[in-house]
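These notes concern the structure reproduced below.
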Amino acid sequence: MIYSQLCNQELVDMTLLGNEDAYEALVNRYQYAAIAAAYAVTHDSYFAEDAAQDAFVSAWLKLDTLREGEKFGAWVCRIARNRAKSIMEKHRDTIAYEEVENLKWEAEENFFDLLASPPQYEHLHAGIQNLSEKVKAVIVMHYFEGLSLAEIADRLCVPVGTVKYRLHNGREKLRKELNKDMKEEINETFVEKVMKKVEEIRRWRLKNNKEGFEAFYREVLADLDLLPDNQEKNFALADVLLRGCWWVKGEKNDEILERLRVAAEKGRNEDAIQMLLGHEQGKLSGKELIELMRDKQIPRMQENGYKKAEAYLWFWMGRQLFRMGENEKGFEAYQKVLELLTPADIYYANALAAIEAEKRYEKCADKSMISVNPTAESLRLINGIPRFWMQPGYTHGPLLYMSDFIDAVNYHSSRCDAMFFDPEMKVGDTYIGSNQKSTLSYLDDNATAETACGTFHGCQLWENKLYNITVRTYYKHNIGIVRMEAIESSKQNISVLKSYHIAGGTGLIPLATGNKWEYDLISLNKKTFAYENTYEIIDFDGETATISNLTYTERIGTDADDWTDNMRYARNHYVTEDEITKKHSVKDVMPQLHRAAELAKTPLQKAHTRVATDVMQRILDTDPDFNPNTRVKGKWNFFVYTNVEKENGITKFIDTREFSFEWKDGPMKHATTAYCILYNHVYSIFENAMDGCMWNDDWKIGDSGTLKFKRYNADIETDYCIEGAGTITTAAGTFTHCMRFRINMRNVPHNGWHYRGGDMEYYFAPEVGLVRAVHYFHSRRMSATFDLTSYTGTGEGYFPLADGLVRKYDAIGLSDGYEASVEYTCVADENGNLVMLKNKTGIRHLPPEGEEKNEN
């Protein structure tokens with residue numbers, strides 16, 4: 001646990017429960033503030049430090065009398081000042097002592113940033129004395145007498161704005177003066193403390209939740225500002241600013257990026273330089289991106305001797321060259337990476353995997369049947385325990401099932417705060433992740449794992465959960481991961497060890513250069529697929545293991561008698577991509593869907609095949625390239641397979657990509673009828689706005705609130721209120737006692753998801769569910785309304801779900817030939833778990849030839 005990230009109240013509570021480390025964190029946080037408070041009385045650093053030490057002992061003894069733990073800092077500073085008075089009284093005859101009886105101290109958090117630095121209190125006192133009388137008076141009254149801005153303004157007979165200006169002016173002058181005087185006096189201990197904080201900043205990447213990062217980030221930046229301007233300081237500063245760009249909202253701006261550039265160049269921080277190169281590339285791709293990297297960026301890196309950054313550019317240029325079919329140049333680019341780097345660098349490992357991957361891809365005659373995924377991984381020993389650090393890489397070729405497989409063995413085994421396991425835990429223990437949504441549990445210390453290379457007894461079995469994915473991993477001492485079972489709702493992927501070579505290392509994940517593991521995905525139909533997933537440690541320096549990983553999947557045949565294989569073939573091969581132009585086109589997969597309909601046995605298989613076939617037929621019929629004679633053009637069509645999860649009265653939909661597919665033709669111009677068809681994601685938009693909750697049985701009329709959560713790579717805020725809506729009439733009937741949700745979803749970025757934000761209204765009827773959805777856009781000057789037009793089955797509550805329920809919603813009042821709808825079919829699988837099948841339609845009926853209008 002990192003105590004420095006906890007608030008005062010939490011640390012106080014933990015201290016009262018007997019946690020000495022928590023109190024040590026409070027001491028570290030306020031020791032300089034307490035000494036400064038005492039120094040304001042003593043004007044002597046030795047007496048001030050004694051007073052502060054006494055104050056912390058006294059505070060510890062009387063901690064149970066502190067009513068508000070958040071005010072610990074002000075409280076202990078007050079004690080320190082009182083102790084300083086006592087000390088000075090005791091030594092009145094031996095030292096000069098100012099009269100301070102009427103001086104009142106009320107420490108404030110915004111003063112601590114001046115004090116949370118090495119104990120140079122003489123400089124602070126001297127700096128205050130050197131201020132102009134007007135500014136000094138404001139500083140003393142506010143920080144040492146504890147007066148508010150209004151009280152100071154009243155005492156001085158000046159406006160509050162003048163007080164604010166003088167206070168700001170004084171603080172800035174004190175900062176500059178302190179920085180100037182202290183640069184030559186900063187000791188090695190302080191530098192070490194700052195660099196430890198920088199390392200803590202780096203380790204935040206291990207956490208699923210970045211809450212609290214910004215405050216710590218700004219604290220470390222302030223500390224770094226106090227260090228001498230040398231290469232070590234600038235390297236660290238670049239690392240900190242880089243993570244601020246990643247994890248602090250609004251921090252990736254021109255000013256910060258320029259500061260990052262300067263620090264990265266002074267500190268020769270090539271990780272930060274790589275990020276800046278990527279930012280410079282923007283959204284360029286293909287020939288334009290290659291020209292930028294080859295003609296401008298690479299020469300600049302060569303001129304400055306940035307070999308790692310140059311190799312980074314060669315790697316991603318190689319990726320672009322292979323995408324454009326220039327294979328020979330692509331291999332040359334990857335070879336450049338190997339020449340520039342050593343095996344310890346992650347892009348060296350990535351280049352090794354990419355060379356082998358592209359050789360496999362080149363040999364395959366039908367490029368629509370292969371997918372290769374070359375990646376590199378970095379595992380770091382932190383306190384002697386391996387943690388998953390990073391994983392650059394890419395996928396080449398159709399995704400096949402790669403997007404559906406949960407087969408990245410190391411990554412998926414460590415999704416709870418990058419932890420594989422924790423040696424301090426006992427069987428039955430569970431660790432809750434930093435985001436409060438992930439867990440790591442130690443299930444068994446004597447498990448048996450069946451694999452492709454034998455049976456392993458005496459394994460440790462660990463389970464990690466994040467969102468809807470549960471992963472159970474079997475570790476065999478001195479061998480590593482031997483089996484991984486990944487469960488996503490009703491889908492299960494099982495990876496088992498196929499072969500291994502251990503050159504050295506010990507423990508549950510032995511780390512040594514030359515260690516190699518190959519895994520098989522036994523849930524894959526071997527009649528139709530060839531599969532390989534290999535990991536090799538190409539360098540281990542005692543702290544970091546650099547791993548080269550290649551996952552290769554190729555369809556080698558079809559199984560006409562297997563329902564699943566026919567459905568998967570249709571899902572994965574209805575789209576083809578031109579290797580050079582990258583243009584996508586659809587192809588006929590109806591024979592596979594018709595065969596699947598013949599093979600379907602369970603109610604879910606039959607419903608799934610029926611709905612998927614309807615969507616696929618519509619995609620083919622409305623695509624002008626596939627069907628040149630069509631007068632109906634497909635715009636926004638989806639088949640989505642969703643698992644329904646209900647726990648503690650909360651209903652969620654978990655989309656499963658294994659069978660889902662889509663075909664879009666956009667973009668849809670804003671403030672047009674065409675834009676309305678985007679809202680056929682009726683349930684999904686509501687669910688996204690309500691932080692992933694489709695329904696909560698506790699919701700009732702009169703409820704309201706604000707939800708804050710992460711989605712679309714942004715900090716989303718949703719205001720909602722629930723009202724009575726009386727009677728609603730649609731084409732499906734008249735519904736009484738309806739409930740209306742008024743929703744405003746803010747901060748949705750302009751990255752393809754913007755239409756899902758803004759104002760919306762959802763109407764629910766008892767025993768039926770949603771009966772109307774209204775979405776406002778174009779500053780509420782336009783709206784899209786989807787009404788319930790037909791339904792089958794009813795149930796309990798305002799959002800019933802049961803086997804056999806069907807709900808169809810149509811967009812009302814569209815013009816220019818547009819038509820949009822969505823039909824939801826609820827079906828139970830063989831285990832009684834509910835699945836929601838979504839059939840989403842977005843099409844445009846074209847006018848007769850010669851009368852065409854602008855579509856959007």
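We name chains A, B, ... following the order of the structure tokens; residues begin at 1 in each chain, and ligands are numbered from 1 as shown.
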Kindly provide the residues of stretch 584-676 of chain A that approach stretch 546-566 of chain A to within 6 Å, each paired with its closest atom pair and their distance in Å to one decimal, based on only C-alpha atoms, listed by chain and increasing number, as CSV.
```
residue,atom,partner,partner_atom,distance
A:Gln592,CA,A:Asn566,CA,5.1
A:Ala596,CA,A:Trp563,CA,5.0
A:Leu599,CA,A:Trp563,CA,5.6
```
Emit the selected residues as a short mmCIF file (atom, residue, chain, number, x, y, z; two decimals), in the first residue's frame, including C-alpha atoms.
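Generated file (result-v8.cif):
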```
data_model
loop_
_atom_site.label_atom_id
_atom_site.label_comp_id
_atom_site.auth_asym_id
_atom_site.auth_seq_id
_atom_site.Cartn_x
_atom_site.Cartn_y
_atom_site.Cartn_z
CA GLN A 592 -22.43 -20.88 -44.53
CA ALA A 596 -25.78 -23.24 -40.01
CA LEU A 599 -27.40 -27.60 -38.22
#
```
Could you pull out all residues of stretch 785-848 of chain A with a DSSP call of strand (DSSP E) and give them as a PDB file with N, CA and C atoms, in the first residue's frame?
```
ATOM      1  N   THR A 785     -36.323  10.177 -32.457  1.00  0.00           N
ATOM      2  CA  THR A 785     -37.231   9.451 -31.572  1.00  0.00           C
ATOM      3  C   THR A 785     -37.409   8.027 -32.061  1.00  0.00           C
ATOM      4  N   PHE A 786     -37.196   7.068 -31.155  1.00  0.00           N
ATOM      5  CA  PHE A 786     -37.428   5.659 -31.459  1.00  0.00           C
ATOM      6  C   PHE A 786     -38.564   5.183 -30.559  1.00  0.00           C
ATOM      7  N   ASP A 787     -39.645   4.718 -31.183  1.00  0.00           N
ATOM      8  CA  ASP A 787     -40.823   4.225 -30.458  1.00  0.00           C
ATOM      9  C   ASP A 787     -40.910   2.711 -30.526  1.00  0.00           C
ATOM     10  N   LEU A 788     -41.436   2.120 -29.449  1.00  0.00           N
ATOM     11  CA  LEU A 788     -41.760   0.693 -29.471  1.00  0.00           C
ATOM     12  C   LEU A 788     -42.896   0.476 -30.470  1.00  0.00           C
ATOM     13  N   THR A 789     -42.672  -0.353 -31.478  1.00  0.00           N
ATOM     14  CA  THR A 789     -43.696  -0.582 -32.501  1.00  0.00           C
ATOM     15  C   THR A 789     -44.290  -1.984 -32.441  1.00  0.00           C
ATOM     16  N   SER A 790     -43.591  -2.915 -31.812  1.00  0.00           N
ATOM     17  CA  SER A 790     -44.151  -4.248 -31.596  1.00  0.00           C
ATOM     18  C   SER A 790     -43.383  -4.927 -30.487  1.00  0.00           C
ATOM     19  N   TYR A 791     -44.049  -5.872 -29.809  1.00  0.00           N
ATOM     20  CA  TYR A 791     -43.350  -6.598 -28.754  1.00  0.00           C
ATOM     21  C   TYR A 791     -44.042  -7.930 -28.500  1.00  0.00           C
ATOM     22  N   THR A 792     -43.240  -8.856 -27.963  1.00  0.00           N
ATOM     23  CA  THR A 792     -43.741 -10.173 -27.582  1.00  0.00           C
ATOM     24  C   THR A 792     -43.327 -10.452 -26.154  1.00  0.00           C
ATOM     25  N   VAL A 806     -39.374 -10.217 -27.095  1.00  0.00           N
ATOM     26  CA  VAL A 806     -38.907  -9.507 -28.288  1.00  0.00           C
ATOM     27  C   VAL A 806     -39.416  -8.068 -28.215  1.00  0.00           C
ATOM     28  N   ARG A 807     -38.537  -7.105 -28.526  1.00  0.00           N
ATOM     29  CA  ARG A 807     -38.919  -5.696 -28.557  1.00  0.00           C
ATOM     30  C   ARG A 807     -38.368  -5.073 -29.834  1.00  0.00           C
ATOM     31  N   LYS A 808     -39.265  -4.368 -30.583  1.00  0.00           N
ATOM     32  CA  LYS A 808     -38.815  -3.712 -31.813  1.00  0.00           C
ATOM     33  C   LYS A 808     -39.114  -2.214 -31.719  1.00  0.00           C
ATOM     34  N   TYR A 809     -38.101  -1.408 -32.070  1.00  0.00           N
ATOM     35  CA  TYR A 809     -38.218   0.048 -32.023  1.00  0.00           C
ATOM     36  C   TYR A 809     -37.915   0.614 -33.405  1.00  0.00           C
ATOM     37  N   ASP A 810     -38.745   1.581 -33.834  1.00  0.00           N
ATOM     38  CA  ASP A 810     -38.545   2.227 -35.137  1.00  0.00           C
ATOM     39  C   ASP A 810     -38.353   3.722 -34.946  1.00  0.00           C
ATOM     40  N   ALA A 811     -37.456   4.301 -35.773  1.00  0.00           N
ATOM     41  CA  ALA A 811     -37.294   5.751 -35.778  1.00  0.00           C
ATOM     42  C   ALA A 811     -38.543   6.382 -36.374  1.00  0.00           C
ATOM     43  N   TYR A 818     -34.730   7.712 -45.429  1.00  0.00           N
ATOM     44  CA  TYR A 818     -34.012   7.005 -44.368  1.00  0.00           C
ATOM     45  C   TYR A 818     -34.969   6.158 -43.530  1.00  0.00           C
ATOM     46  N   GLU A 819     -34.446   5.012 -43.065  1.00  0.00           N
ATOM     47  CA  GLU A 819     -35.197   4.094 -42.222  1.00  0.00           C
ATOM     48  C   GLU A 819     -34.242   3.532 -41.179  1.00  0.00           C
ATOM     49  N   ALA A 820     -34.680   3.536 -39.943  1.00  0.00           N
ATOM     50  CA  ALA A 820     -33.833   3.008 -38.870  1.00  0.00           C
ATOM     51  C   ALA A 820     -34.691   2.272 -37.864  1.00  0.00           C
ATOM     52  N   SER A 821     -34.175   1.167 -37.359  1.00  0.00           N
ATOM     53  CA  SER A 821     -34.898   0.389 -36.351  1.00  0.00           C
ATOM     54  C   SER A 821     -33.923  -0.513 -35.622  1.00  0.00           C
ATOM     55  N   VAL A 822     -34.411  -1.105 -34.543  1.00  0.00           N
ATOM     56  CA  VAL A 822     -33.647  -2.113 -33.829  1.00  0.00           C
ATOM     57  C   VAL A 822     -34.626  -3.095 -33.212  1.00  0.00           C
ATOM     58  N   GLU A 823     -34.279  -4.369 -33.293  1.00  0.00           N
ATOM     59  CA  GLU A 823     -35.104  -5.411 -32.683  1.00  0.00           C
ATOM     60  C   GLU A 823     -34.242  -6.201 -31.722  1.00  0.00           C
ATOM     61  N   TYR A 824     -34.762  -6.356 -30.494  1.00  0.00           N
ATOM     62  CA  TYR A 824     -34.054  -7.094 -29.450  1.00  0.00           C
ATOM     63  C   TYR A 824     -34.783  -8.408 -29.192  1.00  0.00           C
ATOM     64  N   THR A 825     -34.056  -9.515 -29.288  1.00  0.00           N
ATOM     65  CA  THR A 825     -34.610 -10.841 -29.039  1.00  0.00           C
ATOM     66  C   THR A 825     -33.883 -11.463 -27.856  1.00  0.00           C
ATOM     67  N   CYS A 826     -34.620 -11.846 -26.849  1.00  0.00           N
ATOM     68  CA  CYS A 826     -34.051 -12.419 -25.633  1.00  0.00           C
ATOM     69  C   CYS A 826     -34.232 -13.938 -25.653  1.00  0.00           C
ATOM     70  N   VAL A 827     -33.144 -14.683 -25.526  1.00  0.00           N
ATOM     71  CA  VAL A 827     -33.168 -16.146 -25.603  1.00  0.00           C
ATOM     72  C   VAL A 827     -32.308 -16.727 -24.483  1.00  0.00           C
ATOM     73  N   ALA A 828     -32.736 -17.826 -23.923  1.00  0.00           N
ATOM     74  CA  ALA A 828     -31.956 -18.508 -22.892  1.00  0.00           C
ATOM     75  C   ALA A 828     -31.070 -19.569 -23.534  1.00  0.00           C
ATOM     76  N   LEU A 834     -29.365 -15.810 -19.989  1.00  0.00           N
ATOM     77  CA  LEU A 834     -30.025 -15.050 -21.048  1.00  0.00           C
ATOM     78  C   LEU A 834     -29.024 -14.416 -21.997  1.00  0.00           C
ATOM     79  N   VAL A 835     -29.399 -14.426 -23.283  1.00  0.00           N
ATOM     80  CA  VAL A 835     -28.619 -13.784 -24.336  1.00  0.00           C
ATOM     81  C   VAL A 835     -29.543 -12.814 -25.064  1.00  0.00           C
ATOM     82  N   MET A 836     -29.041 -11.615 -25.351  1.00  0.00           N
ATOM     83  CA  MET A 836     -29.801 -10.628 -26.113  1.00  0.00           C
ATOM     84  C   MET A 836     -29.204 -10.537 -27.516  1.00  0.00           C
ATOM     85  N   LEU A 837     -30.030 -10.806 -28.530  1.00  0.00           N
ATOM     86  CA  LEU A 837     -29.614 -10.707 -29.925  1.00  0.00           C
ATOM     87  C   LEU A 837     -30.154  -9.396 -30.489  1.00  0.00           C
ATOM     88  N   LYS A 838     -29.262  -8.558 -31.034  1.00  0.00           N
ATOM     89  CA  LYS A 838     -29.636  -7.223 -31.490  1.00  0.00           C
ATOM     90  C   LYS A 838     -29.552  -7.137 -33.014  1.00  0.00           C
ATOM     91  N   ASN A 839     -30.666  -6.750 -33.628  1.00  0.00           N
ATOM     92  CA  ASN A 839     -30.754  -6.588 -35.083  1.00  0.00           C
ATOM     93  C   ASN A 839     -30.989  -5.101 -35.356  1.00  0.00           C
ATOM     94  N   LYS A 840     -29.927  -4.406 -35.779  1.00  0.00           N
ATOM     95  CA  LYS A 840     -30.000  -2.957 -35.942  1.00  0.00           C
ATOM     96  C   LYS A 840     -29.971  -2.588 -37.423  1.00  0.00           C
ATOM     97  N   THR A 841     -30.974  -1.827 -37.839  1.00  0.00           N
ATOM     98  CA  THR A 841     -31.136  -1.456 -39.243  1.00  0.00           C
ATOM     99  C   THR A 841     -30.940   0.048 -39.420  1.00  0.00           C
ATOM    100  N   GLY A 842     -30.139   0.402 -40.411  1.00  0.00           N
ATOM    101  CA  GLY A 842     -29.989   1.791 -40.827  1.00  0.00           C
ATOM    102  C   GLY A 842     -29.770   1.815 -42.325  1.00  0.00           C
ATOM    103  N   ILE A 843     -30.805   2.181 -43.096  1.00  0.00           N
ATOM    104  CA  ILE A 843     -30.733   2.127 -44.553  1.00  0.00           C
ATOM    105  C   ILE A 843     -31.326   3.404 -45.149  1.00  0.00           C
ATOM    106  N   ARG A 844     -31.073   3.596 -46.451  1.00  0.00           N
ATOM    107  CA  ARG A 844     -31.702   4.707 -47.163  1.00  0.00           C
ATOM    108  C   ARG A 844     -32.274   4.206 -48.481  1.00  0.00           C
ATOM    109  N   HIS A 845     -33.570   4.455 -48.664  1.00  0.00           N
ATOM    110  CA  HIS A 845     -34.223   4.142 -49.931  1.00  0.00           C
ATOM    111  C   HIS A 845     -33.895   5.267 -50.915  1.00  0.00           C
TER     112      HIS A 845
END
```
Next on the checklist: I'd like the neighbourhood of stretch 448-453 of chain A as a PyMOL selection string, where a residue qualifies if any of its atoms comes within 9 Å (using only C-alpha atoms), though same-chain residues fewer than 4 positions away should be ignored.
Outcome noted: chain A and resi 457-461+474-476+482-483+495-500+519-520+522
Considering only C-alpha atoms, give me a table of residues in stretch 234-345 of chain A that are at most 10 Å from stretch 382-400 of chain A, with the closest atom pair and distance in Å for each, as a Markdown table.
```
| residue | atom | partner | partner_atom | distance |
| --- | --- | --- | --- | --- |
| A:Phe315 | CA | A:Gly393 | CA | 9.9 |
| A:Trp316 | CA | A:Gly393 | CA | 9.5 |
| A:Arg319 | CA | A:Tyr394 | CA | 8.4 |
| A:Phe322 | CA | A:His396 | CA | 8.8 |
| A:Arg323 | CA | A:His396 | CA | 7.9 |
```
